[in-house]
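Working notes, beginning with the structure itself.
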Amino acid sequence: MLKPLNDTRMFGKFGRTLTSRPNTIVHVAGRQAPHPAEAPATLHTHALLNGTRLSWERLGAQVRYWRLLQHLQPQLVLVHAPELLPLTLLWHLLKPGRRFLYDVRENYALNIRTQQVYPAWLRGLLAGTVRILETLAARRAAKVLLAERSYADELPFAQPEHTVVLENKYQPYSGEALVTQPRQLPMPGQPLRLLYSGTISELNGVFEAVRFTRELQRYWPATQLTIIGFCQQPEVLARLQTLLANDTSITLIGGNKLVPHDRIVEEIQRSHLGLLPYREHPSSWRCIPTKLYEYLAQGLPMLLPPNPLWLQVAQRHRAGLPVHFPAVPEQLPEQLTSYQFYPQGIPTDAFWQSEAIKLQAVVDSIR
């Protein structure tokens, strides 16, 4: 519902994977966004929402979703949002043989309780309602798909025999020229381009990225930072814009506008160092950020917080160094120039192809 039509998981990974099947037409429904020009002819998009997270438009989106189900009469529905589960369950129950998959992208109940996006009085009610809906849906779904391995332990409705883990690995967009060599860092004194990409939020560490950049400029004066992504919270964006006023070393792209994924990839490819300055939080600390796979697939060196799970993935390929954001160790410039990143080249296990095979097998099993 809140993800754009050209969302990387829903459209770029699931949609493109399924259109490769013979005699298959895929329809993607989500938040209003431009239809990718290079999309296959068998991959269609439908806007359900053109409003904000807390707008009445979300009720209208339910009506549009139901009408779409009636119009398309799909043989299989893949649900990527818990708020679409009630109508999906109704659609499923009204006619025998209708099948659906539920893709769990987040631990939604935990996020609602801990991220302070919704009013305090509403969080407990919403979290409980979502967990009930997910439990009912899991019993009826042909399969439950998990975006994170940790969800298998966290979610009581994720029964091992009924779930498949499909991680958020990197799927190149159509026509993308794949990187063949890891990025080389410049020498001190030369421009150093840092990158913060993806959702712009406090929990994801956007303010830590700014403070880290300004601290690093004490040791590496030519350091620059690009922040690219979408911010769901207007008050956070306003604070960030005020903080960046008159600072020519930091560029903000997107902010109040959705940014096409190929534009984000362009910034990854022109950057020297990717930042993952996440704050430690129960809603994200056991999940692997999508940008970690994106940086791995592009051979981009990265700096990460001391999260054992993330460091295990990054250090397997010597792809990054741990940093206690926003602090900058005095020896960091020397570490960056002396450390050999990606000695074995671009890691193949960062790509979606392994997950695409599993998705195809799931669909084959329910035909």
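Ordered as shown in the structure tokens, chains take letters A, B, and onward, while each chain numbers its residues from 1 and ligands are numbered from 1 in the order shown.
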(Q) For the alpha helix (DSSP H) assignment from backbone DSSP, which residues of region 248-291 of chain A qualify? Please present them as number ranges by chain. (A) A: 261-270, 290-291
Output file for the residues above (all heavy atoms, as a tab-separated table (two decimals), in the first residue's frame):
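For reference, selection-v7.tsv as written:
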chain	number	residue	atom	x	y	z
A	261	HIS	N	14.60	3.82	-8.40
A	261	HIS	CA	15.72	3.02	-7.92
A	261	HIS	C	16.94	3.14	-8.83
A	261	HIS	O	18.09	3.10	-8.34
A	261	HIS	CB	15.31	1.56	-7.79
A	261	HIS	CG	16.33	0.72	-7.10
A	261	HIS	ND1	17.05	-0.26	-7.72
A	261	HIS	CD2	16.80	0.76	-5.82
A	261	HIS	CE1	17.90	-0.82	-6.89
A	261	HIS	NE2	17.77	-0.22	-5.72
A	262	ASP	N	16.72	3.29	-10.14
A	262	ASP	CA	17.89	3.40	-11.02
A	262	ASP	C	18.68	4.68	-10.74
A	262	ASP	O	19.89	4.73	-10.94
A	262	ASP	CB	17.50	3.31	-12.49
A	262	ASP	CG	16.45	4.34	-12.90
A	262	ASP	OD1	15.96	5.08	-12.03
A	262	ASP	OD2	16.13	4.41	-14.10
A	263	ARG	N	17.99	5.71	-10.23
A	263	ARG	CA	18.68	6.95	-9.85
A	263	ARG	C	19.53	6.71	-8.60
A	263	ARG	O	20.65	7.26	-8.50
A	263	ARG	CB	17.65	8.06	-9.59
A	263	ARG	CG	18.26	9.40	-9.19
A	263	ARG	CD	19.01	10.05	-10.34
A	263	ARG	NE	19.64	11.30	-9.94
A	263	ARG	CZ	20.82	11.39	-9.37
A	263	ARG	NH1	21.54	10.28	-9.16
A	263	ARG	NH2	21.34	12.56	-9.05
A	264	ILE	N	19.03	5.91	-7.68
A	264	ILE	CA	19.81	5.57	-6.49
A	264	ILE	C	21.04	4.75	-6.89
A	264	ILE	O	22.15	4.98	-6.39
A	264	ILE	CB	18.94	4.79	-5.48
A	264	ILE	CG1	17.87	5.72	-4.91
A	264	ILE	CG2	19.80	4.22	-4.36
A	264	ILE	CD1	16.90	5.05	-3.96
A	265	VAL	N	20.86	3.83	-7.82
A	265	VAL	CA	21.99	3.02	-8.29
A	265	VAL	C	23.06	3.91	-8.92
A	265	VAL	O	24.27	3.68	-8.73
A	265	VAL	CB	21.50	1.94	-9.28
A	265	VAL	CG1	22.69	1.22	-9.92
A	265	VAL	CG2	20.60	0.94	-8.58
A	266	GLU	N	22.65	4.93	-9.65
A	266	GLU	CA	23.62	5.86	-10.24
A	266	GLU	C	24.49	6.49	-9.14
A	266	GLU	O	25.71	6.63	-9.32
A	266	GLU	CB	22.89	6.97	-11.00
A	266	GLU	CG	22.29	6.54	-12.32
A	266	GLU	CD	21.55	7.69	-13.00
A	266	GLU	OE1	21.73	8.85	-12.56
A	266	GLU	OE2	20.80	7.43	-13.96
A	267	GLU	N	23.86	6.88	-8.03
A	267	GLU	CA	24.62	7.49	-6.94
A	267	GLU	C	25.54	6.48	-6.27
A	267	GLU	O	26.65	6.82	-5.86
A	267	GLU	CB	23.66	8.12	-5.91
A	267	GLU	CG	23.01	9.41	-6.38
A	267	GLU	CD	24.04	10.48	-6.72
A	267	GLU	OE1	25.06	10.60	-6.01
A	267	GLU	OE2	23.83	11.20	-7.72
A	268	ILE	N	25.07	5.24	-6.14
A	268	ILE	CA	25.94	4.20	-5.57
A	268	ILE	C	27.18	4.05	-6.43
A	268	ILE	O	28.31	3.95	-5.93
A	268	ILE	CB	25.19	2.85	-5.46
A	268	ILE	CG1	24.03	2.96	-4.47
A	268	ILE	CG2	26.14	1.74	-5.03
A	268	ILE	CD1	23.18	1.70	-4.38
A	269	GLN	N	26.99	4.07	-7.74
A	269	GLN	CA	28.11	3.84	-8.66
A	269	GLN	C	29.09	5.00	-8.72
A	269	GLN	O	30.24	4.81	-9.13
A	269	GLN	CB	27.57	3.51	-10.05
A	269	GLN	CG	26.83	2.18	-10.11
A	269	GLN	CD	26.28	1.86	-11.48
A	269	GLN	OE1	26.20	2.73	-12.35
A	269	GLN	NE2	25.88	0.62	-11.70
A	270	ARG	N	28.67	6.20	-8.33
A	270	ARG	CA	29.59	7.34	-8.36
A	270	ARG	C	30.15	7.67	-6.98
A	270	ARG	O	30.92	8.62	-6.84
A	270	ARG	CB	28.90	8.58	-8.96
A	270	ARG	CG	27.76	9.13	-8.13
A	270	ARG	CD	27.11	10.33	-8.82
A	270	ARG	NE	28.05	11.44	-8.97
A	270	ARG	CZ	28.26	12.37	-8.03
A	270	ARG	NH1	27.62	12.30	-6.86
A	270	ARG	NH2	29.09	13.34	-8.25
A	290	THR	N	18.45	-3.65	3.02
A	290	THR	CA	18.54	-3.87	1.58
A	290	THR	C	19.76	-3.18	0.99
A	290	THR	O	20.41	-3.71	0.08
A	290	THR	CB	17.26	-3.36	0.89
A	290	THR	OG1	16.13	-4.05	1.43
A	290	THR	CG2	17.32	-3.59	-0.61
A	291	LYS	N	20.08	-2.00	1.53
A	291	LYS	CA	21.22	-1.27	0.98
A	291	LYS	C	22.54	-2.02	1.18
A	291	LYS	O	23.49	-1.81	0.41
A	291	LYS	CB	21.30	0.14	1.57
A	291	LYS	CG	21.77	0.22	3.00
A	291	LYS	CD	21.90	1.65	3.48
A	291	LYS	CE	20.57	2.32	3.65
A	291	LYS	NZ	20.71	3.69	4.23
Q: Using CA of His27 (chain A) and CA of Leu126 (chain A) as the two end points, give the distance in Å to one decimal.
A: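 Going from CA of His27 (chain A) over to CA of Leu126 (chain A) covers 28.5 Å.
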Near region 355-366 of chain A, 8 Å: region 130-204 of chain A residue rows, closest pairs, only C-alpha atoms, as JSON lines:
{"residue": "A:Ala142", "atom": "CA", "partner": "A:Ile366", "partner_atom": "CA", "distance": 6.9}
{"residue": "A:Lys143", "atom": "CA", "partner": "A:Val362", "partner_atom": "CA", "distance": 7.6}
{"residue": "A:Val164", "atom": "CA", "partner": "A:Lys358", "partner_atom": "CA", "distance": 8.0}
{"residue": "A:Leu166", "atom": "CA", "partner": "A:Glu355", "partner_atom": "CA", "distance": 5.4}
{"residue": "A:Glu167", "atom": "CA", "partner": "A:Glu355", "partner_atom": "CA", "distance": 6.8}
{"residue": "A:Lys169", "atom": "CA", "partner": "A:Glu355", "partner_atom": "CA", "distance": 7.6}
Export of prior selection with N, CA and C atoms as a PDB file, in the first residue's frame:
ATOM      1  N   ALA A 142      -1.182 -19.985   0.666  1.00  0.00           N
ATOM      2  CA  ALA A 142      -0.501 -21.146   0.104  1.00  0.00           C
ATOM      3  C   ALA A 142       0.903 -21.269   0.693  1.00  0.00           C
ATOM      4  N   LYS A 143       1.546 -20.139   0.889  1.00  0.00           N
ATOM      5  CA  LYS A 143       2.841 -20.073   1.560  1.00  0.00           C
ATOM      6  C   LYS A 143       2.987 -18.696   2.189  1.00  0.00           C
ATOM      7  N   VAL A 164       8.912 -19.718   3.488  1.00  0.00           N
ATOM      8  CA  VAL A 164      10.106 -19.694   2.644  1.00  0.00           C
ATOM      9  C   VAL A 164      10.765 -18.326   2.811  1.00  0.00           C
ATOM     10  N   LEU A 166      12.879 -15.358   1.469  1.00  0.00           N
ATOM     11  CA  LEU A 166      13.342 -14.728   0.224  1.00  0.00           C
ATOM     12  C   LEU A 166      13.990 -13.400   0.607  1.00  0.00           C
ATOM     13  N   GLU A 167      15.299 -13.393   0.751  1.00  0.00           N
ATOM     14  CA  GLU A 167      16.004 -12.215   1.248  1.00  0.00           C
ATOM     15  C   GLU A 167      16.029 -11.097   0.205  1.00  0.00           C
ATOM     16  N   LYS A 169      17.959  -9.483  -1.627  1.00  0.00           N
ATOM     17  CA  LYS A 169      19.215  -9.367  -2.354  1.00  0.00           C
ATOM     18  C   LYS A 169      19.032  -8.485  -3.586  1.00  0.00           C
TER      19      LYS A 169
END
Q) What's the 12 Å shell around Pro160 (chain A), counting only C-alpha atoms, without same-chain residues fewer than 5 positions away, as an MDAnalysis selection string? A) chainID A and resid 138 143:146 149 151:153 155 165
Grab the residues selected above and save them as a short mmCIF file (atom, residue, chain, number, x, y, z; two decimals), in the first residue's frame with C-alpha atoms.
data_model
loop_
_atom_site.label_atom_id
_atom_site.label_comp_id
_atom_site.auth_asym_id
_atom_site.auth_seq_id
_atom_site.Cartn_x
_atom_site.Cartn_y
_atom_site.Cartn_z
CA ALA A 138 -0.92 -17.45 7.42
CA LYS A 143 2.84 -20.07 1.56
CA VAL A 144 4.22 -17.34 3.81
CA LEU A 145 7.31 -15.62 2.43
CA LEU A 146 9.80 -13.97 4.81
CA ARG A 149 15.65 -15.08 8.34
CA TYR A 151 11.33 -13.50 11.23
CA ALA A 152 11.17 -17.28 11.43
CA ASP A 153 11.99 -16.96 15.15
CA LEU A 155 6.75 -14.39 14.27
CA VAL A 165 12.79 -17.06 3.20
#
(Q) From the options A:His71, A:Leu216, A:Leu258, A:Leu203, which residue's atoms come nearest to Asn50 (chain A), counting only C-alpha atoms? (A) A:Leu258
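Between CA of Leu178 (chain A) and CA of Gly254 (chain A) the interatomic distance comes to 24.3 Å.
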Q: Go through A:Gly299, A:Thr248, A:Phe230, A:Arg214 and flag the residue nearest Phe325 (chain A), using only C-alpha atoms for the distances.
A: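 Distance minimum relative to Phe325 (chain A) lands on A:Arg214.
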Q. What is the CA of Tyr102 (chain A)-CA of Leu78 (chain A) distance in Å, reported with one decimal?
A.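 Answer for the CA of Tyr102 (chain A) to CA of Leu78 (chain A) separation: 5.9 Å.
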Q: Just the residues within 12 Å of Tyr293 (chain A), please, counting only C-alpha atoms, with nothing from its chain fewer than 3 positions along; format it as a PyMOL selection string.
A: chain A and resi 167-172+265+268+274+276+287-290+296-302+310+313-314+317+319+346-352
Could the residues in this selection be saved with N, CA, C and O atoms as a short mmCIF file (atom, residue, chain, number, x, y, z; two decimals), in the first residue's frame?
data_model
loop_
_atom_site.label_atom_id
_atom_site.label_comp_id
_atom_site.auth_asym_id
_atom_site.auth_seq_id
_atom_site.Cartn_x
_atom_site.Cartn_y
_atom_site.Cartn_z
N GLU A 167 15.30 -13.39 0.75
CA GLU A 167 16.00 -12.21 1.25
C GLU A 167 16.03 -11.10 0.21
O GLU A 167 15.89 -11.34 -1.00
N ASN A 168 16.24 -9.88 0.70
CA ASN A 168 16.22 -8.69 -0.17
C ASN A 168 17.55 -8.49 -0.89
O ASN A 168 18.17 -7.43 -0.79
N LYS A 169 17.96 -9.48 -1.63
CA LYS A 169 19.22 -9.37 -2.35
C LYS A 169 19.03 -8.49 -3.59
O LYS A 169 17.93 -8.08 -3.92
N TYR A 170 20.13 -8.20 -4.26
CA TYR A 170 20.12 -7.17 -5.30
C TYR A 170 19.67 -7.72 -6.65
O TYR A 170 20.23 -8.70 -7.15
N GLN A 171 18.67 -7.04 -7.23
CA GLN A 171 18.22 -7.36 -8.57
C GLN A 171 18.54 -6.18 -9.48
O GLN A 171 17.99 -5.09 -9.32
N PRO A 172 19.45 -6.33 -10.44
CA PRO A 172 19.75 -5.22 -11.36
C PRO A 172 18.51 -4.79 -12.12
O PRO A 172 17.67 -5.62 -12.47
N VAL A 265 20.86 3.83 -7.82
CA VAL A 265 21.99 3.02 -8.29
C VAL A 265 23.06 3.91 -8.92
O VAL A 265 24.27 3.68 -8.73
N ILE A 268 25.07 5.24 -6.14
CA ILE A 268 25.94 4.20 -5.57
C ILE A 268 27.18 4.05 -6.43
O ILE A 268 28.31 3.95 -5.93
N GLY A 274 29.85 3.81 1.22
CA GLY A 274 28.46 3.78 1.65
C GLY A 274 28.35 3.77 3.17
O GLY A 274 29.12 3.06 3.85
N LEU A 276 26.03 3.09 6.64
CA LEU A 276 24.87 2.44 7.24
C LEU A 276 24.80 2.86 8.71
O LEU A 276 25.07 2.06 9.61
N CYS A 287 17.56 -7.39 11.27
CA CYS A 287 17.27 -7.45 9.83
C CYS A 287 18.49 -6.97 9.05
O CYS A 287 19.23 -6.11 9.52
N ILE A 288 18.67 -7.52 7.86
CA ILE A 288 19.78 -7.08 7.00
C ILE A 288 19.24 -5.99 6.07
O ILE A 288 18.34 -6.25 5.27
N PRO A 289 19.76 -4.77 6.16
CA PRO A 289 19.27 -3.69 5.30
C PRO A 289 19.45 -4.01 3.82
O PRO A 289 20.48 -4.57 3.41
N THR A 290 18.45 -3.65 3.02
CA THR A 290 18.54 -3.87 1.58
C THR A 290 19.76 -3.18 0.99
O THR A 290 20.41 -3.71 0.08
N LEU A 296 27.04 -4.25 -1.68
CA LEU A 296 27.85 -5.42 -2.01
C LEU A 296 27.84 -5.68 -3.52
O LEU A 296 28.90 -5.92 -4.13
N ALA A 297 26.66 -5.63 -4.11
CA ALA A 297 26.54 -5.94 -5.54
C ALA A 297 27.22 -4.91 -6.42
O ALA A 297 27.60 -5.21 -7.56
N GLN A 298 27.40 -3.70 -5.90
CA GLN A 298 28.08 -2.64 -6.66
C GLN A 298 29.55 -2.52 -6.28
O GLN A 298 30.25 -1.63 -6.79
N GLY A 299 30.04 -3.38 -5.39
CA GLY A 299 31.44 -3.32 -4.99
C GLY A 299 31.78 -2.05 -4.25
O GLY A 299 32.93 -1.57 -4.31
N LEU A 300 30.81 -1.48 -3.51
CA LEU A 300 31.02 -0.22 -2.80
C LEU A 300 31.50 -0.49 -1.38
O LEU A 300 30.80 -1.15 -0.60
N PRO A 301 32.70 -0.03 -0.99
CA PRO A 301 33.12 -0.14 0.40
C PRO A 301 32.12 0.54 1.32
O PRO A 301 31.46 1.51 0.92
N MET A 302 31.99 0.06 2.54
CA MET A 302 30.99 0.62 3.43
C MET A 302 31.48 0.69 4.86
O MET A 302 32.44 0.01 5.26
N TRP A 310 25.30 -7.84 10.56
CA TRP A 310 25.70 -7.09 9.37
C TRP A 310 27.20 -7.22 9.13
O TRP A 310 27.64 -7.35 7.99
N VAL A 313 28.14 -10.47 7.44
CA VAL A 313 27.91 -10.47 5.99
C VAL A 313 28.98 -9.64 5.28
O VAL A 313 29.55 -10.08 4.27
N ALA A 314 29.25 -8.44 5.80
CA ALA A 314 30.21 -7.55 5.14
C ALA A 314 31.64 -8.08 5.21
O ALA A 314 32.37 -8.04 4.21
N HIS A 317 33.26 -10.73 2.87
CA HIS A 317 33.83 -10.28 1.59
C HIS A 317 34.80 -9.13 1.78
O HIS A 317 35.20 -8.52 0.79
N ALA A 319 34.16 -6.22 2.88
CA ALA A 319 33.45 -5.13 2.21
C ALA A 319 33.31 -3.88 3.06
O ALA A 319 32.95 -2.82 2.54
N ILE A 346 33.49 -8.80 -6.84
CA ILE A 346 32.08 -8.61 -6.52
C ILE A 346 31.48 -9.93 -6.04
O ILE A 346 31.56 -10.94 -6.74
N PRO A 347 30.86 -9.96 -4.86
CA PRO A 347 30.30 -11.22 -4.33
C PRO A 347 29.03 -11.64 -5.07
O PRO A 347 28.07 -10.87 -5.15
N THR A 348 29.01 -12.84 -5.59
CA THR A 348 27.84 -13.32 -6.33
C THR A 348 26.66 -13.59 -5.43
O THR A 348 25.50 -13.56 -5.89
N ASP A 349 26.89 -13.87 -4.14
CA ASP A 349 25.77 -14.19 -3.24
C ASP A 349 24.99 -12.95 -2.79
O ASP A 349 24.08 -13.05 -1.98
N ALA A 350 25.34 -11.78 -3.33
CA ALA A 350 24.58 -10.56 -3.02
C ALA A 350 23.40 -10.38 -3.96
O ALA A 350 22.57 -9.49 -3.75
N PHE A 351 23.29 -11.23 -4.99
CA PHE A 351 22.29 -11.00 -6.04
C PHE A 351 21.02 -11.83 -5.82
O PHE A 351 21.05 -12.91 -5.22
N TRP A 352 19.93 -11.33 -6.39
CA TRP A 352 18.59 -11.89 -6.22
C TRP A 352 18.40 -13.23 -6.91
O TRP A 352 17.47 -13.98 -6.59
#
Q | Residue nearest Gly255 (chain A) - candidates A:Ile200, A:Gln224, A:Arg211, A:Glu294, atoms counted: only C-alpha atoms | A |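 Closest candidate: A:Ile200.
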Q) Got a sec: who's within 8 Å of Ile25 (chain A), counting only C-alpha atoms, leaving out chain neighbours fewer than 5 positions off, as a ChimeraX atom specification? A) /A:19,42-44
Would you save the residues of that selection, restricted to N, CA and C atoms, as a PDB file, in the first residue's frame?
ATOM      1  N   THR A  19       7.283 -12.508 -14.424  1.00  0.00           N
ATOM      2  CA  THR A  19       6.995 -12.293 -15.851  1.00  0.00           C
ATOM      3  C   THR A  19       7.870 -13.176 -16.744  1.00  0.00           C
ATOM      4  N   THR A  42       4.325  -7.543 -20.274  1.00  0.00           N
ATOM      5  CA  THR A  42       3.418  -8.370 -19.473  1.00  0.00           C
ATOM      6  C   THR A  42       3.408  -7.961 -17.994  1.00  0.00           C
ATOM      7  N   LEU A  43       4.035  -6.832 -17.689  1.00  0.00           N
ATOM      8  CA  LEU A  43       4.079  -6.348 -16.305  1.00  0.00           C
ATOM      9  C   LEU A  43       3.353  -5.003 -16.228  1.00  0.00           C
ATOM     10  N   HIS A  44       2.182  -5.002 -15.606  1.00  0.00           N
ATOM     11  CA  HIS A  44       1.320  -3.828 -15.564  1.00  0.00           C
ATOM     12  C   HIS A  44       1.269  -3.247 -14.150  1.00  0.00           C
TER      13      HIS A  44
END
Q.
Give me the residues near Leu122 (chain A) as a PyMOL selection string, where near means some atom within 10 Å (using only C-alpha atoms) and where sequence neighbours in that chain fewer than 4 positions away do not count.
A. chain A and resi 112-113+118+126-127
(Q) Applying 7 Å and only C-alpha atoms, which residues near Leu195 (chain A) remain after dropping the ones on its own chain fewer than 2 positions away? List them as a list in words. (A) Arg193, Ser197, Leu225, Thr226, Ile227, Ser271, Leu273, Gly274 and Leu275 of chain A
Please produce a file of the residues just selected, as a CSV table (one decimal), in the first residue's frame, where the atoms kept are C-alpha atoms.
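The file below, part.csv, is the result:
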chain,number,residue,atom,x,y,z
A,193,ARG,CA,32.1,10.9,-1.8
A,197,SER,CA,20.7,6.0,0.4
A,225,LEU,CA,27.9,13.4,1.4
A,226,THR,CA,24.9,12.6,-0.8
A,227,ILE,CA,21.6,11.8,0.9
A,271,SER,CA,30.3,7.1,-4.6
A,273,LEU,CA,31.9,4.9,0.5
A,274,GLY,CA,28.5,3.8,1.7
A,275,LEU,CA,27.2,4.6,5.1
